[in-house]
Amino acid sequence: MEAGIALLLTGSSADLSATVHAVELAQRTNAILHAVCKAKRKGERKRVGARERQEQFVALATGLGNQAGVGIHPHLLERLTGEPLIRFLCAQRIFCLVLGVNDKKEFECKTAWVNLLRKQLQTNKNWYLPALWSVVMTPWDASTLEHAISEVNRRSRTVMPGESSLVDSERADIFSTVLQHNKK
């Protein structure tokens, strides 16, 4: 089994920068990208918008991955923390974790969480690496977002016949969602 990168998706606007970065990193390292979302439990009422955004980010990762020649594997876990995540990281031979955060406070909190996760992995009998790499992405500023949109549009126009590309509506949906969230 090839080593992989885990992209944790929560449906927040910060998932956009994390998704694009994870695909680029997977392309550069020849790794499989595992797009990981939390599964809805029976009786749980998760905001429909967040679930739809998670699906949009998986579709975005798949479209970008297809263009970049990166294998994308979607996964649902009962939790994106604790034992379910640790089992997943070990089973899929994950060497790098990529996730997005919305602000500095959340960045500090997630960084502390990743450090705790590393300690838990080191004591797990199935862990195989000296350390787990991690990338914690913050949302892009307006100019970076504009550049990313231009780059995605450019890439989608240069797709060769017979190759898959992001459908215009998928691309528009994901970027408009992020733009709306950033205005709030």
# chains A, B, ... in the order shown; residues from 1 in each chain; ligands from 1
>>> residues_around(residues="Ala22 of chain A", least_positions_apart="3", cutoff="9 Å", atoms="only C-alpha atoms", output="JSON, numbers by chain")
{"A": [5, 6, 7, 17, 18, 19, 25, 26, 27, 33, 61, 97, 98, 99, 135]}
>>> select_by_dssp(residues="segment 16-135 of chain A", states="strand (DSSP E)", output="list of chain:residue names")
A:Ile32, A:Leu33, A:His34, A:Ala35, A:Val36, A:Cys37, A:Lys38, A:Ile72, A:His73, A:Pro74, A:His75, A:Leu76, A:Leu77, A:Ile94, A:Phe95, A:Cys96, A:Leu97, A:Val98, A:Leu99, A:Gly100, A:Trp133, A:Ser134, A:Val135
>>> write_last_selection(atoms="N, CA and C atoms", output="mmCIF file, in the first residue's frame")
data_model
loop_
_atom_site.group_PDB
_atom_site.id
_atom_site.type_symbol
_atom_site.label_atom_id
_atom_site.label_comp_id
_atom_site.auth_asym_id
_atom_site.auth_seq_id
_atom_site.Cartn_x
_atom_site.Cartn_y
_atom_site.Cartn_z
ATOM 1 N N ILE A 32 -1.069 9.184 -2.457
ATOM 2 C CA ILE A 32 -2.520 9.099 -2.579
ATOM 3 C C ILE A 32 -3.100 10.132 -1.622
ATOM 4 N N LEU A 33 -4.154 10.795 -2.055
ATOM 5 C CA LEU A 33 -4.819 11.766 -1.186
ATOM 6 C C LEU A 33 -6.111 11.156 -0.677
ATOM 7 N N HIS A 34 -6.250 11.102 0.637
ATOM 8 C CA HIS A 34 -7.438 10.578 1.288
ATOM 9 C C HIS A 34 -8.255 11.761 1.808
ATOM 10 N N ALA A 35 -9.402 12.018 1.178
ATOM 11 C CA ALA A 35 -10.302 13.085 1.621
ATOM 12 C C ALA A 35 -11.211 12.490 2.692
ATOM 13 N N VAL A 36 -11.092 12.982 3.924
ATOM 14 C CA VAL A 36 -11.750 12.372 5.074
ATOM 15 C C VAL A 36 -12.794 13.325 5.658
ATOM 16 N N CYS A 37 -14.016 12.830 5.776
ATOM 17 C CA CYS A 37 -15.121 13.586 6.371
ATOM 18 C C CYS A 37 -15.694 12.792 7.536
ATOM 19 N N LYS A 38 -16.358 13.502 8.428
ATOM 20 C CA LYS A 38 -17.046 12.849 9.543
ATOM 21 C C LYS A 38 -18.382 12.331 9.051
ATOM 22 N N ILE A 72 -7.431 10.097 -5.607
ATOM 23 C CA ILE A 72 -8.202 10.624 -4.483
ATOM 24 C C ILE A 72 -9.102 9.510 -3.963
ATOM 25 N N HIS A 73 -9.048 9.277 -2.657
ATOM 26 C CA HIS A 73 -9.881 8.261 -2.033
ATOM 27 C C HIS A 73 -10.726 8.934 -0.955
ATOM 28 N N PRO A 74 -12.043 9.002 -1.139
ATOM 29 C CA PRO A 74 -12.905 9.602 -0.112
ATOM 30 C C PRO A 74 -13.187 8.598 1.012
ATOM 31 N N HIS A 75 -13.286 9.103 2.247
ATOM 32 C CA HIS A 75 -13.550 8.262 3.415
ATOM 33 C C HIS A 75 -14.500 8.980 4.359
ATOM 34 N N LEU A 76 -15.305 8.207 5.060
ATOM 35 C CA LEU A 76 -16.143 8.715 6.138
ATOM 36 C C LEU A 76 -15.698 8.023 7.417
ATOM 37 N N LEU A 77 -15.432 8.819 8.456
ATOM 38 C CA LEU A 77 -15.078 8.261 9.761
ATOM 39 C C LEU A 77 -16.142 8.671 10.768
ATOM 40 N N ILE A 94 -0.649 6.952 6.414
ATOM 41 C CA ILE A 94 -0.656 8.404 6.244
ATOM 42 C C ILE A 94 0.642 8.980 6.810
ATOM 43 N N PHE A 95 1.321 9.779 6.014
ATOM 44 C CA PHE A 95 2.538 10.438 6.501
ATOM 45 C C PHE A 95 2.323 11.920 6.737
ATOM 46 N N CYS A 96 1.217 12.477 6.215
ATOM 47 C CA CYS A 96 0.968 13.910 6.360
ATOM 48 C C CYS A 96 -0.522 14.165 6.528
ATOM 49 N N LEU A 97 -0.843 15.050 7.436
ATOM 50 C CA LEU A 97 -2.210 15.445 7.716
ATOM 51 C C LEU A 97 -2.381 16.898 7.284
ATOM 52 N N VAL A 98 -3.420 17.182 6.492
ATOM 53 C CA VAL A 98 -3.693 18.546 6.033
ATOM 54 C C VAL A 98 -5.098 18.922 6.498
ATOM 55 N N LEU A 99 -5.217 20.084 7.116
ATOM 56 C CA LEU A 99 -6.518 20.561 7.554
ATOM 57 C C LEU A 99 -6.540 22.082 7.523
ATOM 58 N N GLY A 100 -7.740 22.627 7.493
ATOM 59 C CA GLY A 100 -7.913 24.070 7.449
ATOM 60 C C GLY A 100 -8.512 24.593 8.735
ATOM 61 N N TRP A 133 3.783 14.339 9.641
ATOM 62 C CA TRP A 133 3.859 15.710 9.142
ATOM 63 C C TRP A 133 2.463 16.309 9.217
ATOM 64 N N SER A 134 2.404 17.627 9.308
ATOM 65 C CA SER A 134 1.088 18.267 9.302
ATOM 66 C C SER A 134 1.178 19.633 8.647
ATOM 67 N N VAL A 135 0.072 19.999 7.995
ATOM 68 C CA VAL A 135 -0.074 21.315 7.392
ATOM 69 C C VAL A 135 -1.424 21.841 7.869
#
>>> closest_residue(among="A:Pro139, A:Gly65, A:Pro130, A:Pro84", to="Ala14 of chain A", atoms="only C-alpha atoms")
A:Pro139
>>> closest_residue(among="A:Cys109, A:Cys90, A:Ile149, A:Val114", to="Trp127 of chain A", atoms="only C-alpha atoms")
A:Cys90
>>> atom_distance(atom1="atom CA of Gly82 of chain A", atom2="atom CA of Asp103 of chain A")
23.1 Å
>>> select_by_dssp(residues="segment 1-52 of chain A", states="alpha helix (DSSP H)", output="list in words")
Asp15, Leu16, Ser17, Ala18, Thr19, Val20, His21, Ala22, Val23, Glu24, Leu25, Ala26, Gln27, Arg28, Thr29, Val48, Gly49, Ala50, Arg51 and Glu52 of chain A
>>> atom_distance(atom1="atom CA of Phe107 of chain A", atom2="atom CA of Arg79 of chain A")
19.5 Å
>>> closest_residue(among="A:Ala31, A:Ala39, A:Leu80, A:Val20", to="Ala59 of chain A", atoms="only C-alpha atoms")
A:Val20
